[in-house]
Every structure is written in C-alpha cells, then in structure tokens.
file query-v4.pdb (PDB, C-alpha atoms)
ATOM      1  CA  MET A  70      43.385 -16.901  40.536
ATOM      2  CA  SER A  71      39.985 -18.588  40.796
ATOM      3  CA  ASP A  72      37.700 -18.744  37.704
ATOM      4  CA  TRP A  73      34.850 -16.701  39.197
ATOM      5  CA  LEU A  74      37.169 -13.847  40.069
ATOM      6  CA  MET A  75      38.618 -14.016  36.572
ATOM      7  CA  VAL A  76      35.131 -13.780  35.027
ATOM      8  CA  ILE A  77      34.326 -10.695  37.154
ATOM      9  CA  ILE A  78      37.591  -8.951  36.215
ATOM     10  CA  ARG A  79      37.188  -9.776  32.516
ATOM     11  CA  GLY A  80      33.565  -8.627  32.674
ATOM     12  CA  LEU A  81      34.526  -5.265  34.177
ATOM     13  CA  LEU A  82      37.313  -4.807  31.667
ATOM     14  CA  MET A  83      34.959  -5.691  28.815
ATOM     15  CA  VAL A  84      32.427  -3.081  30.018
ATOM     16  CA  ILE A  85      35.180  -0.483  29.720
ATOM     17  CA  VAL A  86      36.186  -1.747  26.237
ATOM     18  CA  LEU A  87      32.560  -1.736  25.017
ATOM     19  CA  PHE A  88      31.946   1.699  26.557
ATOM     20  CA  VAL A  89      34.913   3.122  24.664
ATOM     21  CA  CYS A  90      33.818   1.377  21.453
ATOM     22  CA  THR A  91      30.237   2.686  21.626
ATOM     23  CA  LYS A  92      31.595   6.167  22.306
ATOM     24  CA  LEU A  93      33.672   5.804  19.147
ATOM     25  CA  LEU A  94      30.597   4.733  17.158
ATOM     26  CA  GLY A  95      28.759   7.941  17.992
ATOM     27  CA  LYS A  96      25.507   9.077  19.536
ATOM     28  CA  LYS A  97      22.972   7.706  17.129
ATOM     29  CA  GLN A  98      19.800   6.305  18.608
ATOM     30  CA  ILE A  99      18.833   2.696  18.052
ATOM     31  CA  SER A 100      16.208   3.609  15.400
ATOM     32  CA  GLN A 101      18.834   5.524  13.449
ATOM     33  CA  LEU A 102      21.363   2.717  13.273
ATOM     34  CA  SER A 103      22.467   1.752   9.805
ATOM     35  CA  PHE A 104      22.788  -1.876   8.781
ATOM     36  CA  PHE A 105      26.524  -1.923   9.603
ATOM     37  CA  GLU A 106      26.047  -0.348  13.000
ATOM     38  CA  TYR A 107      23.233  -2.759  13.814
ATOM     39  CA  VAL A 108      25.308  -5.818  12.847
ATOM     40  CA  THR A 109      28.360  -4.481  14.645
ATOM     41  CA  GLY A 110      26.371  -3.819  17.800
ATOM     42  CA  ILE A 111      25.167  -7.403  17.919
ATOM     43  CA  THR A 112      28.556  -8.878  17.068
ATOM     44  CA  ILE A 113      30.661  -6.951  19.545
ATOM     45  CA  GLY A 114      28.146  -7.849  22.253
ATOM     46  CA  SER A 115      28.553 -11.533  21.393
ATOM     47  CA  ILE A 116      32.342 -11.319  21.297
ATOM     48  CA  GLY A 117      32.294  -9.516  24.637
ATOM     49  CA  ALA A 118      30.156 -12.225  26.238
ATOM     50  CA  GLU A 119      32.376 -14.982  24.796
ATOM     51  CA  VAL A 120      35.541 -13.362  26.111
ATOM     52  CA  ILE A 121      34.129 -12.756  29.587
ATOM     53  CA  THR A 122      32.997 -16.319  30.231
ATOM     54  CA  GLY A 123      35.382 -18.226  27.951
ATOM     55  CA  LEU A 124      38.381 -18.271  30.237
ATOM     56  CA  ASP A 125      40.383 -20.428  27.820
ATOM     57  CA  ARG A 126      40.305 -17.564  25.322
ATOM     58  CA  LYS A 127      42.761 -14.723  25.418
ATOM     59  CA  PHE A 128      41.244 -11.421  26.523
ATOM     60  CA  LEU A 129      43.397  -9.444  24.138
ATOM     61  CA  HIS A 130      42.129 -11.496  21.171
ATOM     62  CA  GLY A 131      38.565 -10.559  22.091
ATOM     63  CA  VAL A 132      39.462  -6.872  22.285
ATOM     64  CA  LEU A 133      41.206  -7.084  18.910
ATOM     65  CA  GLY A 134      38.124  -8.791  17.447
ATOM     66  CA  ILE A 135      35.878  -6.022  18.732
ATOM     67  CA  LEU A 136      38.215  -3.297  17.479
ATOM     68  CA  SER A 137      38.388  -4.860  14.033
ATOM     69  CA  PHE A 138      34.614  -5.052  13.975
ATOM     70  CA  ILE A 139      34.007  -1.425  14.948
ATOM     71  CA  SER A 140      36.549  -0.307  12.348
ATOM     72  CA  ILE A 141      34.023  -1.310   9.633
ATOM     73  CA  PRO A 142      31.171   1.096  10.570
ATOM     74  CA  LEU A 143      33.701   3.791  11.376
ATOM     75  CA  ALA A 144      35.198   3.453   7.889
ATOM     76  CA  VAL A 145      31.737   3.275   6.293
ATOM     77  CA  ASP A 146      30.619   6.367   8.244
ATOM     78  CA  TYR A 147      33.694   8.250   7.097
ATOM     79  CA  LEU A 148      33.302   7.200   3.453
ATOM     80  CA  SER A 149      29.548   7.935   3.576
ATOM     81  CA  LEU A 150      30.350  11.531   4.423
ATOM     82  CA  LYS A 151      32.359  11.722   1.218
ATOM     83  CA  SER A 152      30.101   9.734  -1.122
ATOM     84  CA  LYS A 153      26.354  10.218  -1.573
ATOM     85  CA  LYS A 154      26.147   6.952  -3.539
ATOM     86  CA  LEU A 155      27.628   4.942  -0.680
ATOM     87  CA  ARG A 156      25.368   6.779   1.788
ATOM     88  CA  ASP A 157      22.317   5.762  -0.244
ATOM     89  CA  ILE A 158      23.463   2.130  -0.300
ATOM     90  CA  VAL A 159      24.315   1.965   3.396
ATOM     91  CA  GLU A 160      21.564   4.085   4.889
ATOM     92  CA  GLY A 161      18.947   3.695   2.179
ATOM     93  CA  GLU A 162      16.960   6.351   0.328
ATOM     94  CA  GLY A 163      13.635   7.907   1.170
ATOM     95  CA  THR A 164      10.572   6.776  -0.792
ATOM     96  CA  VAL A 165       8.039   9.346  -1.947
ATOM     97  CA  PHE A 166       4.501   8.251  -1.062
ATOM     98  CA  ILE A 167       2.615  11.418  -2.018
ATOM     99  CA  GLN A 168       3.706  13.929  -4.621
ATOM    100  CA  GLN A 169       1.742  17.052  -5.483
ATOM    101  CA  GLY A 170      -1.211  15.602  -3.599
ATOM    102  CA  LYS A 171      -1.210  12.341  -5.586
ATOM    103  CA  LEU A 172      -0.583   8.966  -3.983
ATOM    104  CA  ILE A 173       2.174   6.989  -5.676
ATOM    105  CA  GLU A 174       0.849   3.445  -5.520
ATOM    106  CA  GLY A 175       3.952   1.876  -7.030
ATOM    107  CA  ASN A 176       6.073   3.199  -4.166
ATOM    108  CA  LEU A 177       3.554   2.039  -1.567
ATOM    109  CA  LYS A 178       3.709  -1.431  -3.095
ATOM    110  CA  LYS A 179       7.493  -1.323  -3.283
ATOM    111  CA  GLU A 180       7.749  -0.574   0.433
ATOM    112  CA  ARG A 181       4.939  -3.066   1.161
ATOM    113  CA  TYR A 182       2.749  -0.418   2.791
ATOM    114  CA  THR A 183      -1.048  -0.629   2.651
ATOM    115  CA  THR A 184      -3.246   2.436   2.460
ATOM    116  CA  ASP A 185      -4.328   1.681   6.035
ATOM    117  CA  GLU A 186      -0.748   1.881   7.218
ATOM    118  CA  LEU A 187      -0.170   5.102   5.303
ATOM    119  CA  MET A 188      -3.286   6.615   6.854
ATOM    120  CA  GLU A 189      -2.022   5.568  10.284
ATOM    121  CA  LEU A 190       1.323   7.275   9.658
ATOM    122  CA  LEU A 191      -0.501  10.426   8.537
ATOM    123  CA  ARG A 192      -2.765  10.375  11.576
ATOM    124  CA  ARG A 193       0.324  10.219  13.784
ATOM    125  CA  LYS A 194       1.181  13.575  12.239
ATOM    126  CA  ASP A 195      -2.347  14.835  13.019
ATOM    127  CA  ILE A 196      -3.311  14.645   9.350
ATOM    128  CA  PHE A 197      -6.662  13.018   8.710
ATOM    129  CA  SER A 198      -7.156  13.865   5.072
ATOM    130  CA  VAL A 199      -4.825  12.874   2.232
ATOM    131  CA  SER A 200      -6.001  15.903   0.296
ATOM    132  CA  ASP A 201      -4.240  18.145   2.840
ATOM    133  CA  VAL A 202      -0.873  16.682   1.880
ATOM    134  CA  ASN A 203       1.299  18.094  -0.850
ATOM    135  CA  PHE A 204       4.303  15.840  -0.384
ATOM    136  CA  ALA A 205       5.077  12.856   1.863
ATOM    137  CA  ILE A 206       8.234  10.817   2.012
ATOM    138  CA  LEU A 207       9.054   7.653   3.936
ATOM    139  CA  GLU A 208      12.528   8.129   5.362
ATOM    140  CA  PRO A 209      14.999   5.216   5.601
ATOM    141  CA  SER A 210      14.393   5.246   9.381
ATOM    142  CA  GLY A 211      10.726   4.350   8.714
ATOM    143  CA  GLU A 212       9.453   7.799   9.676
ATOM    144  CA  LEU A 213       7.015   9.593   7.383
ATOM    145  CA  ASN A 214       7.752  13.248   6.772
ATOM    146  CA  VAL A 215       4.962  15.347   5.386
ATOM    147  CA  MET A 216       4.665  18.717   3.714
ATOM    148  CA  LEU A 217       1.159  20.114   3.831
ATOM    149  CA  LYS A 218      -0.518  22.034   1.039
ATOM    150  CA  LYS A 219      -0.056  25.766   1.386
ATOM    151  CA  SER A 220      -3.696  26.245   2.322
ATOM    152  CA  ARG A 221      -3.317  23.719   5.145
ATOM    153  CA  MET A 222      -0.088  25.008   6.619
ATOM    154  CA  PRO A 223      -0.180  26.439  10.129
ATOM    155  CA  VAL A 224      -0.726  30.178  10.250
ATOM    156  CA  VAL A 225       0.758  32.798  12.528
ATOM    157  CA  GLN A 226      -1.581  34.901  14.607
ATOM    158  CA  GLU A 227      -1.743  37.863  12.229
ATOM    159  CA  ASP A 228      -2.705  35.546   9.394
ATOM    160  CA  ILE A 229      -5.880  34.528  11.132
ATOM    161  CA  LYS A 230      -8.736  36.516   9.712
ATOM    162  CA  LYS A 231     -11.603  34.335  10.791
ATOM    163  CA  ILE A 232     -12.228  31.927  13.589
ATOM    164  CA  SER A 233     -11.754  28.431  12.289
ATOM    165  CA  GLN A 234     -14.641  26.070  12.722
ATOM    166  CA  GLU A 235     -14.187  22.831  14.547
ATOM    167  CA  GLY A 236     -13.809  20.205  11.839
ATOM    168  CA  LYS A 237     -14.320  16.480  11.776
ATOM    169  CA  PRO A 238     -11.593  14.246  10.358
ATOM    170  CA  ALA A 239     -12.037  13.164   6.752
ATOM    171  CA  GLU A 240     -13.805   9.839   6.361
ATOM    172  CA  THR A 241     -12.221   7.240   4.080
ATOM    173  CA  ILE A 242     -15.044   5.825   1.970
ATOM    174  CA  ILE A 243     -13.150   3.892  -0.728
ATOM    175  CA  MET A 244      -9.967   1.996  -0.171
ATOM    176  CA  ASP A 245      -8.224  -0.116  -2.839
ATOM    177  CA  GLY A 246     -11.229   0.121  -5.168
ATOM    178  CA  LYS A 247     -13.725  -1.080  -2.561
ATOM    179  CA  PRO A 248     -16.409   1.031  -0.859
ATOM    180  CA  ILE A 249     -16.324   1.088   2.935
ATOM    181  CA  GLU A 250     -19.986   0.818   3.833
ATOM    182  CA  LYS A 251     -19.436   1.384   7.548
ATOM    183  CA  ALA A 252     -17.779   4.721   6.829
ATOM    184  CA  LEU A 253     -20.551   5.659   4.386
ATOM    185  CA  ASN A 254     -23.206   4.828   6.974
ATOM    186  CA  SER A 255     -21.464   6.999   9.543
ATOM    187  CA  ILE A 256     -22.008  10.024   7.289
ATOM    188  CA  ASN A 257     -25.562   8.955   6.411
ATOM    189  CA  ARG A 258     -24.678   7.923   2.865
ATOM    190  CA  ASP A 259     -24.732   4.605   1.013
ATOM    191  CA  VAL A 260     -23.040   2.881  -1.912
ATOM    192  CA  ASP A 261     -25.728   4.055  -4.351
ATOM    193  CA  TRP A 262     -25.021   7.667  -3.415
ATOM    194  CA  LEU A 263     -21.326   6.998  -3.894
ATOM    195  CA  ARG A 264     -21.887   5.458  -7.346
ATOM    196  CA  GLU A 265     -23.966   8.468  -8.321
ATOM    197  CA  GLN A 266     -21.206  10.866  -7.222
ATOM    198  CA  LEU A 267     -18.603   8.907  -9.150
ATOM    199  CA  GLU A 268     -20.782   8.599 -12.253
ATOM    200  CA  ARG A 269     -20.918  12.403 -12.381
ATOM    201  CA  ARG A 270     -17.133  12.307 -12.637
ATOM    202  CA  SER A 271     -17.233   9.352 -15.107
ATOM    203  CA  VAL A 272     -15.377   7.153 -12.658
ATOM    204  CA  ASN A 273     -16.107   3.629 -11.411
ATOM    205  CA  ILE A 274     -15.553   2.596  -7.802
ATOM    206  CA  THR A 275     -12.922   0.107  -8.932
ATOM    207  CA  ASP A 276     -10.960   2.962 -10.552
ATOM    208  CA  VAL A 277     -10.527   4.640  -7.182
ATOM    209  CA  PHE A 278      -7.486   3.870  -5.093
ATOM    210  CA  LEU A 279      -8.569   6.093  -2.206
ATOM    211  CA  ALA A 280     -11.574   8.342  -1.624
ATOM    212  CA  GLN A 281     -12.311  10.529   1.372
ATOM    213  CA  ILE A 282     -15.157  12.796   2.369
ATOM    214  CA  GLU A 283     -13.823  15.902   3.987
ATOM    215  CA  ALA A 284     -15.399  17.819   6.843
ATOM    216  CA  ASP A 285     -16.920  20.331   4.407
ATOM    217  CA  GLY A 286     -18.473  17.482   2.381
ATOM    218  CA  LYS A 287     -15.965  17.732  -0.441
ATOM    219  CA  LEU A 288     -15.061  14.434  -2.107
ATOM    220  CA  PHE A 289     -11.376  13.719  -2.536
ATOM    221  CA  LEU A 290     -10.488  11.056  -5.119
ATOM    222  CA  ASP A 291      -7.203   9.403  -5.907
ATOM    223  CA  LEU A 292      -7.475   7.176  -8.984
ATOM    224  CA  TYR A 293      -5.396   4.153  -9.831
ATOM    225  CA  ASP A 294      -2.492   4.844 -12.161
ATOM    226  CA  ARG A 295      -3.896   2.889 -15.077
ATOM    227  CA  SER A 296      -3.441   3.061 -18.778
ATOM    228  CA  GLU A 297      -6.436   3.951 -20.929
ATOM    229  CA  ASP A 298      -6.734   0.311 -22.018
ATOM    230  CA  GLU A 299      -6.840  -0.968 -18.475
ATOM    231  CA  ARG A 300      -9.430   1.640 -17.567
ATOM    232  CA  GLU A 301     -11.572   0.574 -20.513
ATOM    233  CA  LEU A 302     -11.289  -3.128 -19.655
ATOM    234  CA  VAL A 303     -12.163  -2.508 -16.005
ATOM    235  CA  SER A 304     -15.156  -0.468 -17.109
ATOM    236  CA  LEU A 305     -16.401  -3.297 -19.386
ATOM    237  CA  LEU A 306     -15.912  -5.887 -16.648
ATOM    238  CA  GLU A 307     -17.609  -3.627 -14.113
ATOM    239  CA  LYS A 308     -20.677  -3.143 -16.335
ATOM    240  CA  CYS A 309     -20.970  -6.874 -16.903
ATOM    241  CA  ARG A 310     -20.526  -7.571 -13.188
ATOM    242  CA  ALA A 311     -23.305  -5.108 -12.333
ATOM    243  CA  GLU A 312     -25.577  -6.883 -14.840
ATOM    244  CA  PHE A 313     -24.832 -10.280 -13.294
ATOM    245  CA  LEU A 314     -25.623  -8.910  -9.840
ATOM    246  CA  LYS A 315     -28.888  -7.442 -11.091
ATOM    247  CA  MET A 316     -29.827 -10.789 -12.632
ATOM    248  CA  SER A 317     -28.898 -12.728  -9.484
ATOM    249  CA  LYS A 318     -31.574 -10.817  -7.554
ATOM    250  CA  LYS A 319     -34.286 -11.409 -10.125
ATOM    251  CA  SER A 320     -33.638 -15.080 -10.953
ATOM    252  CA  SER A 321     -34.559 -18.366  -9.328
ATOM    253  CA  GLU A 322     -32.348 -19.577  -6.507
ATOM    254  CA  LYS A 323     -30.267 -21.897  -8.715
ATOM    255  CA  GLU A 324     -29.744 -19.402 -11.514
ATOM    256  CA  GLY A 325     -29.240 -16.613  -8.984
ATOM    257  CA  LEU A 326     -26.337 -18.518  -7.424
ATOM    258  CA  LEU A 327     -24.705 -18.950 -10.826
ATOM    259  CA  PHE A 328     -25.065 -15.247 -11.641
ATOM    260  CA  HIS A 329     -23.754 -14.254  -8.250
ATOM    261  CA  LYS A 330     -20.772 -16.568  -8.638
ATOM    262  CA  ASN A 331     -19.996 -14.999 -12.024
ATOM    263  CA  ALA A 332     -20.258 -11.508 -10.544
ATOM    264  CA  GLU A 333     -17.676 -12.534  -7.945
ATOM    265  CA  ILE A 334     -15.388 -13.981 -10.626
ATOM    266  CA  LEU A 335     -15.627 -10.710 -12.549
ATOM    267  CA  GLU A 336     -14.778  -8.806  -9.386
ATOM    268  CA  GLU A 337     -11.653 -10.942  -9.114
ATOM    269  CA  CYS A 338     -10.894 -10.229 -12.796
ATOM    270  CA  ILE A 339     -11.184  -6.494 -12.113
ATOM    271  CA  ARG A 340      -8.749  -6.893  -9.239
ATOM    272  CA  THR A 341      -6.371  -8.747 -11.566
ATOM    273  CA  VAL A 342      -6.445  -5.902 -14.099
ATOM    274  CA  ARG A 343      -5.985  -3.371 -11.335
ATOM    275  CA  GLN A 344      -2.933  -5.135  -9.939
ATOM    276  CA  HIS A 345      -1.537  -5.728 -13.390
ATOM    277  CA  GLU A 346       1.595  -3.675 -14.012
TER
ATOM    278  CA  MET B 217     -35.355 -12.367 -18.301
ATOM    279  CA  GLN B 218     -34.405 -13.591 -21.767
ATOM    280  CA  HIS B 219     -33.611 -10.043 -22.776
ATOM    281  CA  GLN B 220     -31.282  -9.541 -19.813
ATOM    282  CA  THR B 221     -29.487 -12.824 -20.426
ATOM    283  CA  GLU B 222     -28.856 -11.703 -23.982
ATOM    284  CA  LYS B 223     -27.601  -8.372 -22.713
ATOM    285  CA  ILE B 224     -25.034 -10.160 -20.561
ATOM    286  CA  GLU B 225     -24.114 -12.390 -23.502
ATOM    287  CA  GLN B 226     -23.454  -9.304 -25.590
ATOM    288  CA  GLN B 227     -21.346  -7.758 -22.855
ATOM    289  CA  LEU B 228     -19.273 -10.917 -22.480
ATOM    290  CA  ALA B 229     -18.785 -11.093 -26.246
ATOM    291  CA  HIS B 230     -17.791  -7.441 -26.216
ATOM    292  CA  ILE B 231     -15.121  -8.074 -23.550
ATOM    293  CA  GLN B 232     -13.821 -11.056 -25.486
ATOM    294  CA  LYS B 233     -13.641  -9.070 -28.713
ATOM    295  CA  TRP B 234     -11.962  -6.188 -26.923
ATOM    296  CA  LEU B 235      -9.249  -8.537 -25.604
ATOM    297  CA  GLU B 236      -8.779 -10.005 -29.095
ATOM    298  CA  ASP B 237      -8.693  -6.643 -30.862
ATOM    299  CA  LYS B 238      -6.222  -5.232 -28.368
ATOM    300  CA  ASP B 239      -4.123  -8.382 -28.647
ATOM    301  CA  LYS B 240      -4.385  -8.936 -24.918
ATOM    302  CA  THR B 241      -5.681 -12.518 -24.881
ATOM    303  CA  LEU B 242      -2.340 -13.797 -23.634
ATOM    304  CA  GLU B 243      -1.750 -10.945 -21.224
ATOM    305  CA  TYR B 244      -5.144 -11.539 -19.650
ATOM    306  CA  ALA B 245      -5.440 -15.251 -20.457
ATOM    307  CA  ALA B 246      -7.166 -16.089 -17.165
ATOM    308  CA  ILE B 247      -9.827 -13.421 -17.741
ATOM    309  CA  TYR B 248     -10.327 -14.551 -21.352
ATOM    310  CA  GLU B 249     -10.823 -18.106 -20.124
ATOM    311  CA  GLU B 250     -13.335 -17.062 -17.446
ATOM    312  CA  ILE B 251     -15.334 -15.016 -19.954
ATOM    313  CA  SER B 252     -15.479 -17.992 -22.355
ATOM    314  CA  LYS B 253     -16.636 -20.219 -19.506
ATOM    315  CA  MET B 254     -19.383 -17.741 -18.584
ATOM    316  CA  GLU B 255     -20.539 -17.637 -22.196
ATOM    317  CA  ARG B 256     -20.761 -21.435 -22.282
ATOM    318  CA  GLU B 257     -22.717 -21.459 -19.004
ATOM    319  CA  LEU B 258     -25.181 -18.889 -20.324
ATOM    320  CA  LEU B 259     -25.651 -20.918 -23.476
ATOM    321  CA  GLN B 260     -26.401 -24.035 -21.447
ATOM    322  CA  LEU B 261     -28.815 -22.037 -19.309
ATOM    323  CA  LYS B 262     -30.680 -20.800 -22.364
ATOM    324  CA  GLU B 263     -30.979 -24.340 -23.698
ATOM    325  CA  LYS B 264     -32.296 -25.590 -20.372
ATOM    326  CA  ARG B 265     -34.929 -22.886 -20.318
ATOM    327  CA  LYS B 266     -36.212 -24.045 -23.693
TER
END
call {"tool": "encode", "arguments": {"input": "query-v4.pdb", "output": "structure tokens"}}
result
Amino acid sequence: MSDWLMVIIRGLLMVIVLFVCTKLLGKKQISQLSFFEYVTGITIGSIGAEVITGLDRKFLHGVLGILSFISIPLAVDYLSLKSKKLRDIVEGEGTVFIQQGKLIEGNLKKERYTTDELMELLRRKDIFSVSDVNFAILEPSGELNVMLKKSRMPVVQEDIKKISQEGKPAETIIMDGKPIEKALNSINRDVDWLREQLERRSVNITDVFLAQIEADGKLFLDLYDRSEDERELVSLLEKCRAEFLKMSKKSSEKEGLLFHKNAEILEECIRTVRQHE
Amino acid sequence: MQHQTEKIEQQLAHIQKWLEDKDKTLEYAAIYEEISKMERELLQLKEKRK
C-alpha cells in the first residue's frame, strides 16, 4: 500500500480513537480543564500526529500510548470525587478577594491581581462600587464570583417601594495609596478636598488602599492592613514629606530641587513601609 | 525659612528616634539611611546659608 494512502487511513483511524478518548474525558469546556486534562489534551494530540505521519511506528503502540495517557486524568477525576484534598491540589482552591466588604490585599498580591484588574472583574459583573460587595471569590477557573450586600441585592417587583433614581458608577479616587487627580477633576473635586475629607477621618492618603466616591456622594474607604507601628511610621514620613514639598515651593531653585528630591525619596520610603509585610 | 528648615530637622530626628526606640533600624535600614542622609544635607545647607 502506498504511503499517502496509509497516512489517510491512519489519520481517519486516529480521529476515531481521539473522538472516543475525548468522550471518555467528559464534557468540560476548555476553560474548565484541570492541569492534568490540559496536559493530556496536548500530549494525546502530539502522539496522534506522530502516529499518523510516522509510518515506521506501529499504530497500535500510538493507541496504547494515548490510552495510557488518558487513564491518568480519568483516575485523578475519580479520586478527586472521593477526596477533597486531592481536588484542591488538582483543581486549585478559590481565593477570597473581598470579605464582609473589606478588600483582602494579601490575597490580591498572592494571585498577582492589581486593584485595576479587580475593578475590571467587578465591572464585568455590572458592579461599579466595591462598597456594594459583601463577598467576592476568585474561582480556580479565573472567574470572579460576587455576593452583593443585602441592600444591593436585586429586588422582586413587590419589594419596590420607590422608583430608583438613575445612578452614576462610583468613581475611584485613590488607588494603592495614590490620589487619581483625573477622577477627582471629573467630579469637580481636587486633592486638597480629598485630604480634608481624610483628615476628618484621621487618615492619610497613603493609608488608603482604595477609595471611591459613590453616586450619592458617599466616600468609601478601604485602608491598608497595617499594624499600628506601620501606620505611625507612615504618618511621620508623610508629615515630613509634606513639609519638604512646602519648602520646595518657597525656596530658591537649587534648594527647591533638593527639597523636592527628598520629598520623592520619602514617598518611596512610604511605599516601602506600605509593602512591608 | 530658617524656622521651616529646623522644623524639618526636628521631624527627621523624630523619625530616626522612632525607628531606634521601636528597634526597627534594621528592619527599615534603607529608610534609616535615607533619613540620616537628609539630615546631613540639611546641615550642610544651613552652613552654606551662614
């Protein structure tokens, strides 16, 4: 039999073998594949291709290779049903990002998610304000599942007692301890106003992990999880930094540059304390 | 101007003392070093002004 005909026959046979194997593996979608299923998918595809075109190789050996490979995820799937521990290892565990309305920075860091990315995930769920969220968990599949606060949960028709007003999405005005001037300008506010608001709550901007202005003008704050000592040190550094900045505006050009440079160094120091664990 | 420079000096000294009292000079060695450097720079600045 000629080689080309052999390749076609082996190819058709391999399609049948792979079809049966994928049926055995189940109906999970690509995004729901576990590590084993992902690796197996790639490997059996490679073996299949090798067997189809490598005419010097025995077809049966290829089929045996594929069968031995799919036996691993099948066994893991079976054992995962029996053992929660194994399931957590193979499929991974969810990571809580927000608990009782409070952002858990450590978990965001652990999963290498920025606040921007978290906000994006929330927006995909039509949530524009962190303060609406009671609980949010990042599933092993990468999907964020959110439980809203009771007051923000959808209501059924008989629950509606008043016509809801059209609201604007909450504006994020501090992210990672830094004010977002563009966002402040969009609501006709500035950094001085923000400082004043925070001073009333005895909080510095650098203490704030995330701040949002809600549609009704309410300020939502999520502070860094710091110890008292760290808070005190940041406060001292912040005061000194503010003094340097003040001096840089009043001094001669040369001295002003020095003061400004020191203010920047202190800002970096504050960041160091903030990131210190 | 002199008064404000002294105010900053005091604040820097305060931070340094805080780090020493809390036994955090090693933990925040880089910050301690920067604060010392700023103090030296301010001292030089004061001398130049004279």
call {"tool": "atom_distance", "arguments": {"input": "query-v4.pdb", "atom1": "CA of Ile206 (chain A)", "atom2": "CA of Lys218 (chain A)"}}
result
14.3 Å
call {"tool": "residues_around", "arguments": {"input": "query-v4.pdb", "residues": "Leu228 (chain B)", "least_positions_apart": "5", "cutoff": "8 Å", "atoms": "all atoms listed in the file", "output": "PyMOL selection string"}}
result
(chain A and resi 309) or (chain B and resi 251+254-255)
call {"tool": "atom_distance", "arguments": {"input": "query-v4.pdb", "atom1": "CA of Ile141 (chain A)", "atom2": "CA of Thr164 (chain A)"}}
result
26.9 Å
call {"tool": "resolve_selection", "arguments": {"input": "query-v4.pdb", "expression": "the PyMOL selection byres ((chain A) within 7 of (chain B))", "output": "number ranges by chain"}}
result
A: 305, 309, 312, 338
call {"tool": "atom_distance", "arguments": {"input": "query-v4.pdb", "atom1": "CA of Phe313 (chain A)", "atom2": "CA of Thr241 (chain B)"}}
result
22.5 Å
call {"tool": "resolve_selection", "arguments": {"input": "query-v4.pdb", "expression": "the PyMOL selection byres ((chain A and resi 86) around 12)", "output": "JSON, numbers by chain"}}
result
{"A": [79, 80, 81, 82, 83, 84, 85, 87, 88, 89, 90, 91, 92, 93, 113, 114, 116, 117, 120, 121, 128, 129, 131, 132, 133, 134, 135, 136, 139]}
call {"tool": "resolve_selection", "arguments": {"input": "query-v4.pdb", "expression": "the PyMOL selection byres ((chain A and resi 278) around 12)", "output": "PDB file with C-alpha atoms, in the coordinates of the input"}}
result
ATOM      1  CA  LYS A 171      -1.210  12.341  -5.586  1.00  0.00           C
ATOM      2  CA  LEU A 172      -0.583   8.966  -3.983  1.00  0.00           C
ATOM      3  CA  ILE A 173       2.174   6.989  -5.676  1.00  0.00           C
ATOM      4  CA  GLU A 174       0.849   3.445  -5.520  1.00  0.00           C
ATOM      5  CA  GLY A 175       3.952   1.876  -7.030  1.00  0.00           C
ATOM      6  CA  LEU A 177       3.554   2.039  -1.567  1.00  0.00           C
ATOM      7  CA  THR A 183      -1.048  -0.629   2.651  1.00  0.00           C
ATOM      8  CA  THR A 184      -3.246   2.436   2.460  1.00  0.00           C
ATOM      9  CA  ASP A 185      -4.328   1.681   6.035  1.00  0.00           C
ATOM     10  CA  VAL A 199      -4.825  12.874   2.232  1.00  0.00           C
ATOM     11  CA  THR A 241     -12.221   7.240   4.080  1.00  0.00           C
ATOM     12  CA  ILE A 242     -15.044   5.825   1.970  1.00  0.00           C
ATOM     13  CA  ILE A 243     -13.150   3.892  -0.728  1.00  0.00           C
ATOM     14  CA  MET A 244      -9.967   1.996  -0.171  1.00  0.00           C
ATOM     15  CA  ASP A 245      -8.224  -0.116  -2.839  1.00  0.00           C
ATOM     16  CA  GLY A 246     -11.229   0.121  -5.168  1.00  0.00           C
ATOM     17  CA  LYS A 247     -13.725  -1.080  -2.561  1.00  0.00           C
ATOM     18  CA  PRO A 248     -16.409   1.031  -0.859  1.00  0.00           C
ATOM     19  CA  VAL A 272     -15.377   7.153 -12.658  1.00  0.00           C
ATOM     20  CA  ASN A 273     -16.107   3.629 -11.411  1.00  0.00           C
ATOM     21  CA  ILE A 274     -15.553   2.596  -7.802  1.00  0.00           C
ATOM     22  CA  THR A 275     -12.922   0.107  -8.932  1.00  0.00           C
ATOM     23  CA  ASP A 276     -10.960   2.962 -10.552  1.00  0.00           C
ATOM     24  CA  VAL A 277     -10.527   4.640  -7.182  1.00  0.00           C
ATOM     25  CA  LEU A 279      -8.569   6.093  -2.206  1.00  0.00           C
ATOM     26  CA  ALA A 280     -11.574   8.342  -1.624  1.00  0.00           C
ATOM     27  CA  GLN A 281     -12.311  10.529   1.372  1.00  0.00           C
ATOM     28  CA  PHE A 289     -11.376  13.719  -2.536  1.00  0.00           C
ATOM     29  CA  LEU A 290     -10.488  11.056  -5.119  1.00  0.00           C
ATOM     30  CA  ASP A 291      -7.203   9.403  -5.907  1.00  0.00           C
ATOM     31  CA  LEU A 292      -7.475   7.176  -8.984  1.00  0.00           C
ATOM     32  CA  TYR A 293      -5.396   4.153  -9.831  1.00  0.00           C
ATOM     33  CA  ASP A 294      -2.492   4.844 -12.161  1.00  0.00           C
ATOM     34  CA  ARG A 295      -3.896   2.889 -15.077  1.00  0.00           C
ATOM     35  CA  ARG A 340      -8.749  -6.893  -9.239  1.00  0.00           C
ATOM     36  CA  ARG A 343      -5.985  -3.371 -11.335  1.00  0.00           C
ATOM     37  CA  GLN A 344      -2.933  -5.135  -9.939  1.00  0.00           C
TER      38      GLN A 344
END
call {"tool": "closest_residue", "arguments": {"input": "query-v4.pdb", "among": "A:Asn331, A:Thr112, A:Lys318, A:Glu106", "to": "Ser252 (chain B)", "atoms": "only C-alpha atoms"}}
result
A:Asn331
call {"tool": "residues_around", "arguments": {"input": "query-v4.pdb", "residues": "Lys194 (chain A)", "least_positions_apart": "4", "cutoff": "9 Å", "atoms": "all atoms listed in the file", "output": "number ranges by chain"}}
result
A: 189-190, 213-215
call {"tool": "write_last_selection", "arguments": {"input": "query-v4.pdb", "atoms": "C-alpha atoms", "output": "short mmCIF file (atom, residue, chain, number, x, y, z; two decimals), in the frame of the given file"}}
result
data_model
loop_
_atom_site.label_atom_id
_atom_site.label_comp_id
_atom_site.auth_asym_id
_atom_site.auth_seq_id
_atom_site.Cartn_x
_atom_site.Cartn_y
_atom_site.Cartn_z
CA GLU A 189 -2.02 5.57 10.28
CA LEU A 190 1.32 7.28 9.66
CA LEU A 213 7.02 9.59 7.38
CA ASN A 214 7.75 13.25 6.77
CA VAL A 215 4.96 15.35 5.39
#
call {"tool": "axis_aligned_box", "arguments": {"input": "query-v4.pdb", "around": "region 223-233 of chain B", "padding_each_side": "6 Å", "output": "AutoDock Vina command-line options"}}
result
--center_x -20.6 --center_y -9.9 --center_z -24.6 --size_x 26.0 --size_y 16.9 --size_z 20.2
call {"tool": "closest_residue", "arguments": {"input": "query-v4.pdb", "among": "B:Gln260, B:Asp239, B:Glu222, B:Lys233", "to": "Leu327 (chain A)", "atoms": "all atoms listed in the file"}}
result
B:Gln260
